[in-house]
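Participant: This one is entry-v9.csv, CSV, C-alpha atoms and all ligand atoms.
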chain,number,residue,atom,x,y,z
A,1,MET,CA,40.4,-23.9,59.1
A,2,ARG,CA,42.8,-21.2,57.7
A,3,ASN,CA,44.8,-21.6,54.6
A,4,SER,CA,48.5,-22.2,54.9
A,5,PRO,CA,51.1,-21.1,52.4
A,6,SER,CA,51.0,-24.7,50.9
A,7,ARG,CA,47.4,-25.8,51.5
A,8,TRP,CA,43.8,-24.6,51.3
A,9,GLY,CA,42.1,-24.7,54.7
A,10,TRP,CA,39.0,-26.9,55.2
A,11,LEU,CA,36.6,-23.9,55.0
A,12,ALA,CA,38.0,-22.8,51.6
A,13,GLN,CA,37.8,-26.5,50.5
A,14,ILE,CA,34.2,-26.9,51.6
A,15,LEU,CA,33.2,-23.6,49.9
A,16,HIS,CA,35.0,-24.6,46.7
A,17,TRP,CA,33.6,-28.2,46.4
A,18,GLY,CA,30.2,-27.2,47.6
A,19,THR,CA,29.9,-24.5,44.9
A,20,ALA,CA,31.2,-26.9,42.2
A,21,LEU,CA,28.8,-29.7,43.2
A,22,LEU,CA,25.8,-27.3,43.2
A,23,ILE,CA,26.7,-25.9,39.8
A,24,ILE,CA,26.9,-29.4,38.3
A,25,ILE,CA,23.4,-30.1,39.7
A,26,THR,CA,21.8,-26.8,38.9
A,27,ILE,CA,22.7,-26.7,35.1
A,28,PRO,CA,20.7,-29.8,34.1
A,29,VAL,CA,17.9,-28.7,36.5
A,30,GLY,CA,17.7,-25.3,34.6
A,31,TRP,CA,17.8,-27.0,31.2
A,32,TRP,CA,15.2,-29.6,32.1
A,33,ALA,CA,12.8,-27.0,33.6
A,34,ASN,CA,13.2,-24.9,30.5
A,35,GLU,CA,12.2,-27.8,28.3
A,36,LEU,CA,8.9,-28.5,30.1
A,37,GLU,CA,5.4,-27.0,29.5
A,38,ARG,CA,4.1,-24.8,32.4
A,39,GLY,CA,2.9,-27.1,35.2
A,40,ALA,CA,3.7,-28.7,38.5
A,41,THR,CA,7.0,-30.4,37.6
A,42,GLU,CA,8.3,-27.3,35.8
A,43,ARG,CA,7.4,-25.2,38.9
A,44,VAL,CA,9.1,-27.6,41.3
A,45,LEU,CA,12.3,-27.7,39.1
A,46,PHE,CA,12.4,-23.9,38.9
A,47,ASP,CA,11.8,-23.6,42.7
A,48,LEU,CA,14.7,-26.1,43.1
A,49,HIS,CA,16.9,-24.1,40.6
A,50,PHE,CA,16.1,-20.9,42.5
A,51,ALA,CA,16.8,-22.5,45.9
A,52,ILE,CA,20.2,-23.9,44.7
A,53,GLY,CA,20.9,-20.5,43.2
A,54,VAL,CA,20.4,-18.8,46.6
A,55,ILE,CA,22.8,-21.3,48.2
A,56,ILE,CA,25.4,-20.8,45.4
A,57,PHE,CA,25.1,-17.0,46.0
A,58,SER,CA,25.7,-17.6,49.7
A,59,LEU,CA,28.7,-19.8,49.1
A,60,VAL,CA,30.3,-17.5,46.5
A,61,GLY,CA,29.7,-14.5,48.8
A,62,ALA,CA,31.2,-16.4,51.8
A,63,ARG,CA,34.2,-17.4,49.6
A,64,LEU,CA,34.9,-13.9,48.5
A,65,VAL,CA,34.6,-12.5,52.1
A,66,TRP,CA,36.8,-15.3,53.4
A,67,ARG,CA,39.3,-14.7,50.6
A,68,MET,CA,39.7,-11.1,51.8
A,69,PHE,CA,40.5,-12.3,55.4
A,70,ASP,CA,42.6,-15.3,54.6
A,71,THR,CA,45.7,-15.5,52.3
A,72,ALA,CA,45.6,-17.9,49.4
A,73,PRO,CA,48.4,-20.5,49.2
A,74,VAL,CA,51.1,-19.5,46.8
A,75,LEU,CA,51.1,-21.1,43.4
A,76,PRO,CA,53.9,-23.6,42.7
A,77,THR,CA,57.1,-21.5,42.6
A,78,ASP,CA,58.5,-23.1,39.5
A,79,LEU,CA,55.4,-22.3,37.4
A,80,SER,CA,56.1,-19.8,34.6
A,81,PRO,CA,54.8,-16.2,35.0
A,82,VAL,CA,52.5,-16.7,32.0
A,83,LEU,CA,50.8,-19.8,33.5
A,84,LYS,CA,50.5,-18.0,36.9
A,85,ARG,CA,48.8,-15.2,35.2
A,86,ALA,CA,46.6,-17.6,33.3
A,87,ALA,CA,45.6,-19.4,36.5
A,88,LYS,CA,44.7,-16.1,38.3
A,89,GLY,CA,42.9,-14.8,35.3
A,90,THR,CA,40.8,-18.0,35.0
A,91,HIS,CA,39.9,-17.9,38.7
A,92,PHE,CA,38.9,-14.2,38.4
A,93,LEU,CA,36.7,-15.0,35.4
A,94,LEU,CA,35.1,-17.9,37.2
A,95,TYR,CA,34.1,-15.6,40.1
A,96,LEU,CA,32.9,-13.0,37.5
A,97,ILE,CA,30.7,-15.4,35.5
A,98,LEU,CA,29.3,-16.9,38.7
A,99,LEU,CA,28.2,-13.5,39.9
A,100,THR,CA,26.9,-12.7,36.4
A,101,MET,CA,24.8,-15.9,36.4
A,102,ILE,CA,23.4,-15.1,39.9
A,103,VAL,CA,22.5,-11.5,39.0
A,104,SER,CA,20.9,-12.3,35.6
A,105,GLY,CA,19.0,-15.3,37.2
A,106,TYR,CA,17.7,-13.0,39.9
A,107,VAL,CA,16.6,-10.3,37.4
A,108,ILE,CA,14.6,-13.0,35.5
A,109,GLN,CA,13.2,-14.4,38.7
A,110,VAL,CA,12.0,-10.9,39.8
A,111,HIS,CA,10.2,-10.5,36.5
A,112,MET,CA,8.7,-14.1,36.6
A,113,ARG,CA,7.4,-14.4,40.1
A,114,PRO,CA,5.5,-12.1,42.5
A,115,SER,CA,7.1,-13.8,45.6
A,116,LEU,CA,10.7,-14.8,45.8
A,117,ASP,CA,10.4,-17.5,48.5
A,118,VAL,CA,12.6,-20.6,48.8
A,119,PHE,CA,10.2,-23.5,49.3
A,120,GLY,CA,8.2,-21.2,51.7
A,121,LEU,CA,11.1,-21.2,54.2
A,122,LEU,CA,12.9,-18.1,53.3
A,123,GLN,CA,11.8,-14.8,51.6
A,124,ILE,CA,14.4,-13.2,49.3
A,125,PRO,CA,13.9,-9.4,49.0
A,126,ARG,CA,12.9,-7.9,45.7
A,127,ALA,CA,15.5,-5.3,44.8
A,128,PHE,CA,13.2,-3.6,42.2
A,129,GLU,CA,9.7,-3.9,40.7
A,130,PRO,CA,9.7,-4.7,37.0
A,131,GLY,CA,8.2,-2.1,34.7
A,132,ASP,CA,6.2,-2.8,31.5
A,133,ASP,CA,9.4,-2.6,29.5
A,134,GLU,CA,10.5,-6.2,28.8
A,135,SER,CA,14.0,-5.3,27.6
A,136,LEU,CA,15.8,-5.8,31.0
A,137,ARG,CA,14.3,-9.3,31.3
A,138,ALA,CA,15.3,-10.1,27.7
A,139,LEU,CA,18.8,-8.9,28.3
A,140,ALA,CA,19.0,-11.0,31.6
A,141,TRP,CA,17.6,-14.0,29.7
A,142,TYR,CA,20.3,-13.8,27.0
A,143,VAL,CA,23.1,-13.3,29.6
A,144,HIS,CA,21.8,-16.3,31.7
A,145,THR,CA,21.1,-18.6,28.8
A,146,TYR,CA,24.5,-18.0,27.0
A,147,GLY,CA,26.4,-17.3,30.1
A,148,VAL,CA,26.1,-21.0,31.1
A,149,TRP,CA,28.2,-21.9,28.1
A,150,VAL,CA,30.9,-19.5,29.2
A,151,LEU,CA,30.8,-21.0,32.7
A,152,GLY,CA,31.0,-24.5,31.2
A,153,GLY,CA,34.0,-23.5,29.1
A,154,LEU,CA,35.8,-22.0,32.0
A,155,VAL,CA,35.1,-24.9,34.3
A,156,THR,CA,36.3,-27.3,31.6
A,157,LEU,CA,39.5,-25.4,31.2
A,158,HIS,CA,40.0,-25.1,35.0
A,159,THR,CA,39.4,-28.9,35.5
A,160,ILE,CA,41.9,-29.8,32.7
A,161,ALA,CA,44.4,-27.4,34.2
A,162,ALA,CA,44.0,-29.0,37.7
A,163,LEU,CA,44.3,-32.6,36.2
A,164,TRP,CA,47.4,-31.4,34.2
A,165,HIS,CA,49.0,-30.2,37.4
A,166,HIS,CA,48.3,-33.4,39.1
A,167,PHE,CA,49.0,-36.1,36.5
A,168,VAL,CA,51.5,-34.4,34.1
A,169,ARG,CA,53.3,-31.8,36.1
A,170,ARG,CA,53.0,-33.8,39.3
A,171,ASP,CA,52.9,-30.8,41.6
A,172,ASP,CA,50.6,-30.3,44.6
A,173,ALA,CA,48.2,-27.7,43.0
A,174,LEU,CA,45.2,-30.2,43.1
A,175,SER,CA,46.0,-32.2,46.2
A,176,ARG,CA,46.2,-29.0,48.4
A,177,MET,CA,42.6,-28.3,47.5
A,178,LEU,CA,41.6,-31.9,48.5
A,179,PRO,CA,40.7,-32.9,52.1
A,180,PHE,CA,43.3,-35.7,52.0
A,181,ALA,CA,46.8,-34.6,50.9
A,182,THR,CA,48.2,-37.0,48.4
A,183,ARG,CA,51.3,-35.0,47.9
A,184,GLU,CA,53.2,-32.5,50.1
A,185,GLU,CA,51.7,-32.0,53.6
A,186,SER,CA,51.4,-28.6,55.1
B,201,LIG,C1,25.7,-20.4,38.8
B,201,LIG,C2,24.5,-20.4,38.9
B,201,LIG,C3,23.4,-20.7,37.9
B,201,LIG,C4,23.5,-21.5,36.8
B,201,LIG,C5,24.7,-22.3,36.3
B,201,LIG,C6,22.2,-21.5,36.1
B,201,LIG,C7,21.9,-22.2,35.0
B,201,LIG,C8,20.7,-22.1,34.3
B,201,LIG,C9,20.3,-22.8,33.1
B,201,LIG,C10,21.2,-23.8,32.4
B,201,LIG,C11,19.1,-22.4,32.7
B,201,LIG,C12,18.3,-22.9,31.5
B,201,LIG,C13,18.4,-21.8,30.5
B,201,LIG,C14,18.0,-22.2,29.1
B,201,LIG,O1,18.1,-23.4,28.7
B,201,LIG,O2,17.7,-21.3,28.3
B,201,LIG,C15,18.6,-21.5,33.7
B,201,LIG,C16,17.4,-20.9,33.7
B,201,LIG,C17,16.9,-20.0,34.7
B,201,LIG,N1,17.6,-19.7,35.9
B,201,LIG,FE1,19.5,-20.2,36.3
B,201,LIG,N2,21.4,-20.7,36.8
B,201,LIG,C18,22.1,-20.2,37.9
B,201,LIG,C19,21.6,-19.3,38.9
B,201,LIG,C20,20.4,-18.8,39.0
B,201,LIG,C21,19.9,-18.0,40.0
B,201,LIG,C22,20.7,-17.5,41.2
B,201,LIG,C23,18.6,-17.7,39.7
B,201,LIG,C24,17.6,-16.9,40.5
B,201,LIG,C25,17.9,-16.1,41.4
B,201,LIG,C26,18.2,-18.4,38.5
B,201,LIG,C27,17.0,-18.3,37.8
B,201,LIG,C28,16.8,-18.9,36.6
B,201,LIG,C29,15.5,-18.7,35.9
B,201,LIG,C30,14.3,-17.8,36.4
B,201,LIG,C31,15.6,-19.4,34.7
B,201,LIG,C32,14.5,-19.5,33.6
B,201,LIG,C33,14.9,-18.6,32.5
B,201,LIG,C34,13.7,-18.5,31.4
B,201,LIG,O3,13.6,-19.4,30.7
B,201,LIG,O4,13.1,-17.5,31.4
B,201,LIG,N3,19.4,-19.1,38.0
B,201,LIG,N4,19.6,-21.3,34.7
B,202,LIG,C1,31.8,-25.7,38.8
B,202,LIG,C2,32.9,-26.1,39.1
B,202,LIG,C3,34.1,-25.2,39.7
B,202,LIG,C4,34.2,-23.9,39.9
B,202,LIG,C5,33.1,-22.8,39.7
B,202,LIG,C6,35.5,-23.6,40.5
B,202,LIG,C7,36.0,-22.4,40.8
B,202,LIG,C8,37.2,-22.2,41.4
B,202,LIG,C9,37.7,-20.9,41.8
B,202,LIG,C10,37.0,-19.5,41.6
B,202,LIG,C11,39.0,-21.0,42.3
B,202,LIG,C12,39.9,-20.0,42.8
B,202,LIG,C13,39.9,-19.9,44.3
B,202,LIG,C14,40.5,-18.7,44.8
B,202,LIG,O1,41.7,-18.3,44.4
B,202,LIG,O2,39.8,-18.0,45.6
B,202,LIG,C15,39.3,-22.5,42.3
B,202,LIG,C16,40.4,-23.1,42.7
B,202,LIG,C17,40.7,-24.4,42.5
B,202,LIG,N1,39.9,-25.3,41.9
B,202,LIG,FE1,38.1,-25.1,41.2
B,202,LIG,N2,36.2,-24.8,40.5
B,202,LIG,C18,35.3,-25.8,40.0
B,202,LIG,C19,35.6,-27.1,39.8
B,202,LIG,C20,36.9,-27.7,40.1
B,202,LIG,C21,37.3,-29.0,39.7
B,202,LIG,C22,36.3,-30.1,39.0
B,202,LIG,C23,38.6,-29.2,40.1
B,202,LIG,C24,39.5,-30.4,40.0
B,202,LIG,C25,39.4,-31.4,39.2
B,202,LIG,C26,39.0,-27.9,40.7
B,202,LIG,C27,40.2,-27.7,41.2
B,202,LIG,C28,40.6,-26.5,41.8
B,202,LIG,C29,41.9,-26.3,42.4
B,202,LIG,C30,43.0,-27.4,42.6
B,202,LIG,C31,42.0,-25.0,42.9
B,202,LIG,C32,43.1,-24.3,43.6
B,202,LIG,C33,44.0,-23.7,42.6
B,202,LIG,C34,45.2,-23.0,43.3
B,202,LIG,O3,45.7,-23.4,44.3
B,202,LIG,O4,45.6,-21.9,42.8
B,202,LIG,N3,37.9,-27.0,40.6
B,202,LIG,N4,38.2,-23.1,41.7
For the file at hand, write its structure as structure tokens.

Facilitator:
Amino acid sequence: MRNSPSRWGWLAQILHWGTALLIIITIPVGWWANELERGATERVLFDLHFAIGVIIFSLVGARLVWRMFDTAPVLPTDLSPVLKRAAKGTHFLLYLILLTMIVSGYVIQVHMRPSLDVFGLLQIPRAFEPGDDESLRALAWYVHTYGVWVLGGLVTLHTIAALWHHFVRRDDALSRMLPFATREES
């Protein structure tokens, strides 16, 4: 379960791939819902988008908590200091943009819906009551709508880097995040 100096543990792997999968699902759901006229399908898609958002929030929260208690594996020792900093910086920005998407989505949701329930199963508390001023909602909408492109750019960069490590550099940076180790075992 715990990370070792050379491998991510299974809990960190589940949290990483679970978040990645849900993000890949929720982006088209958000876009599709946004294209539709108000109605039953639009409502179901936004409910789904909201429910997935709540799970992403839980996974990212769990990841950050787990990250404080467990030590991350060390980056390949022969990687240049510049690339090490680039990797750490990208990971930090990924966490930051995920939290930004979650908070902005939540702010829009509070403005849009009187009840924040997840398919009637779970009630999410409302942190504030929206006033008459629409500027907060407008700001959150801009952040959420354009933030998804920042997220997409960072994920693309991150994925290219992981594939570069695996296929060009041929180190264990990717395989140690996979459930089956194709290179170096811990
Ligand atoms: C990483 C997580 C998330 C991603 C990648 C994401 C992505 C998106 C995308 C692509 C759209 C369509 C925007 C457009 O085309 O203009 C959207 C809309 C929306 N999302 Fe998210 N979202 C995320 C999390 C959340 C969360 C956690 C909530 C609620 C708590 C949420 C609530 C909404 C709402 C209410 C809209 C409709 C905005 C509007 O048109 O007024 N999202 N999201
Ligand atoms: C939406 C998609 C994704 C998100 C949001 C994401 C996010 C992250 C974050 C925040 C970390 C840093 C973990 C930490 O230090 O706590 C990480 C690590 C990692 N990710 Fe992703 N990731 C995504 C998709 C992918 C994909 C598609 C791949 C591979 C093709 C990948 C491969 C890796 C690897 C190998 C690591 C470990 C890097 C290391 O050991 O330093 N990720 N990811």

Participant: Please list as a list in words every residue within 9 Å of region 42-53 of chain A, counting only C-alpha atoms and excluding residues in the same chain fewer than 2 positions away.

Facilitator: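 Those residues are Leu22, Ile23, Ile25, Thr26, Ile27, Val29, Gly30, Trp32, Ala33, Asn34, Glu35, Leu36, Glu37, Arg38, Gly39, Ala40, Ile55, Ile56, Phe57, Ser58, Ile102, Gly105, Tyr106, Gln109, Leu116, Asp117, Val118 and Phe119 of chain A.
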
Participant: Got a sec: who's within 6 Å of region 2-9 of chain A, counting all atoms listed in the file, leaving out chain neighbours fewer than 3 positions off, as a list of chain:residue names?

Facilitator: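 Once the nearby chain positions are removed, what remains is A:Ala12, A:Pro73, A:Val74, A:Arg176, A:Met177, A:Ser186.
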
Participant: Which one is closest to ligand LIG 201 (chain B): A:Ala72, A:Ile24, A:Ala87, A:Leu157? Count only C-alpha atoms and all ligand atoms.

Facilitator: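 Smallest distance to ligand LIG 201 (chain B) is found for A:Ile24.
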
Participant: Within 8 Å of ligand LIG 202 (chain B), which residues show up when you count all atoms listed in the file? List them as a PyMOL selection string, please.

Facilitator: chain A and resi 7-8+12+16-17+19-24+63-64+67+72-75+87-88+90-95+98+151-152+155-156+158-160+162-163+173-178

Participant: Using C-alpha atoms, can you write the selected residues to a file as a PDB file, keeping the file's coordinate frame?

Facilitator:
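Final output, saved to out_23.pdb:
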ATOM      1  CA  ARG A   7      47.400 -25.800  51.500  1.00  0.00           C
ATOM      2  CA  TRP A   8      43.800 -24.600  51.300  1.00  0.00           C
ATOM      3  CA  ALA A  12      38.000 -22.800  51.600  1.00  0.00           C
ATOM      4  CA  HIS A  16      35.000 -24.600  46.700  1.00  0.00           C
ATOM      5  CA  TRP A  17      33.600 -28.200  46.400  1.00  0.00           C
ATOM      6  CA  THR A  19      29.900 -24.500  44.900  1.00  0.00           C
ATOM      7  CA  ALA A  20      31.200 -26.900  42.200  1.00  0.00           C
ATOM      8  CA  LEU A  21      28.800 -29.700  43.200  1.00  0.00           C
ATOM      9  CA  LEU A  22      25.800 -27.300  43.200  1.00  0.00           C
ATOM     10  CA  ILE A  23      26.700 -25.900  39.800  1.00  0.00           C
ATOM     11  CA  ILE A  24      26.900 -29.400  38.300  1.00  0.00           C
ATOM     12  CA  ARG A  63      34.200 -17.400  49.600  1.00  0.00           C
ATOM     13  CA  LEU A  64      34.900 -13.900  48.500  1.00  0.00           C
ATOM     14  CA  ARG A  67      39.300 -14.700  50.600  1.00  0.00           C
ATOM     15  CA  ALA A  72      45.600 -17.900  49.400  1.00  0.00           C
ATOM     16  CA  PRO A  73      48.400 -20.500  49.200  1.00  0.00           C
ATOM     17  CA  VAL A  74      51.100 -19.500  46.800  1.00  0.00           C
ATOM     18  CA  LEU A  75      51.100 -21.100  43.400  1.00  0.00           C
ATOM     19  CA  ALA A  87      45.600 -19.400  36.500  1.00  0.00           C
ATOM     20  CA  LYS A  88      44.700 -16.100  38.300  1.00  0.00           C
ATOM     21  CA  THR A  90      40.800 -18.000  35.000  1.00  0.00           C
ATOM     22  CA  HIS A  91      39.900 -17.900  38.700  1.00  0.00           C
ATOM     23  CA  PHE A  92      38.900 -14.200  38.400  1.00  0.00           C
ATOM     24  CA  LEU A  93      36.700 -15.000  35.400  1.00  0.00           C
ATOM     25  CA  LEU A  94      35.100 -17.900  37.200  1.00  0.00           C
ATOM     26  CA  TYR A  95      34.100 -15.600  40.100  1.00  0.00           C
ATOM     27  CA  LEU A  98      29.300 -16.900  38.700  1.00  0.00           C
ATOM     28  CA  LEU A 151      30.800 -21.000  32.700  1.00  0.00           C
ATOM     29  CA  GLY A 152      31.000 -24.500  31.200  1.00  0.00           C
ATOM     30  CA  VAL A 155      35.100 -24.900  34.300  1.00  0.00           C
ATOM     31  CA  THR A 156      36.300 -27.300  31.600  1.00  0.00           C
ATOM     32  CA  HIS A 158      40.000 -25.100  35.000  1.00  0.00           C
ATOM     33  CA  THR A 159      39.400 -28.900  35.500  1.00  0.00           C
ATOM     34  CA  ILE A 160      41.900 -29.800  32.700  1.00  0.00           C
ATOM     35  CA  ALA A 162      44.000 -29.000  37.700  1.00  0.00           C
ATOM     36  CA  LEU A 163      44.300 -32.600  36.200  1.00  0.00           C
ATOM     37  CA  ALA A 173      48.200 -27.700  43.000  1.00  0.00           C
ATOM     38  CA  LEU A 174      45.200 -30.200  43.100  1.00  0.00           C
ATOM     39  CA  SER A 175      46.000 -32.200  46.200  1.00  0.00           C
ATOM     40  CA  ARG A 176      46.200 -29.000  48.400  1.00  0.00           C
ATOM     41  CA  MET A 177      42.600 -28.300  47.500  1.00  0.00           C
ATOM     42  CA  LEU A 178      41.600 -31.900  48.500  1.00  0.00           C
TER      43      LEU A 178
END

Participant: Quick check, in Å to one decimal: how far apart do CA of Asp132 (chain A) and atom O2 of ligand LIG 201 (chain B) lie?

Facilitator: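 Taking CA of Asp132 (chain A) and atom O2 of ligand LIG 201 (chain B), their separation equals 22.0 Å.
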
Participant: So, counting only C-alpha atoms and all ligand atoms, which residue among A:Val143, A:Met68, A:Leu83, A:Leu121 is closest to ligand LIG 201 (chain B)?

Facilitator: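 Among the listed residues, A:Val143 lies closest to ligand LIG 201 (chain B).
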
Participant: Enter the distance from atom C4 of ligand LIG 201 (chain B) to CA of Gly147 (chain A), in Å, rounded to one decimal.

Facilitator: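 Computing it gives 8.4 Å between the two atoms.
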
Participant: Between A:Ala138, A:Leu154, A:Leu99, A:Leu79, which is the closest to His111 (chain A) once you count all atoms listed in the file?

Facilitator: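 Looking at the shortest contact to His111 (chain A), the residue is A:Ala138.
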
Participant: Work out how far CA of Val150 (chain A) is from atom C10 of ligand LIG 201 (chain B), in Å to one decimal.

Facilitator: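 Pair atom C10 of ligand LIG 201 (chain B) / CA of Val150 (chain A) returns 11.1 Å.
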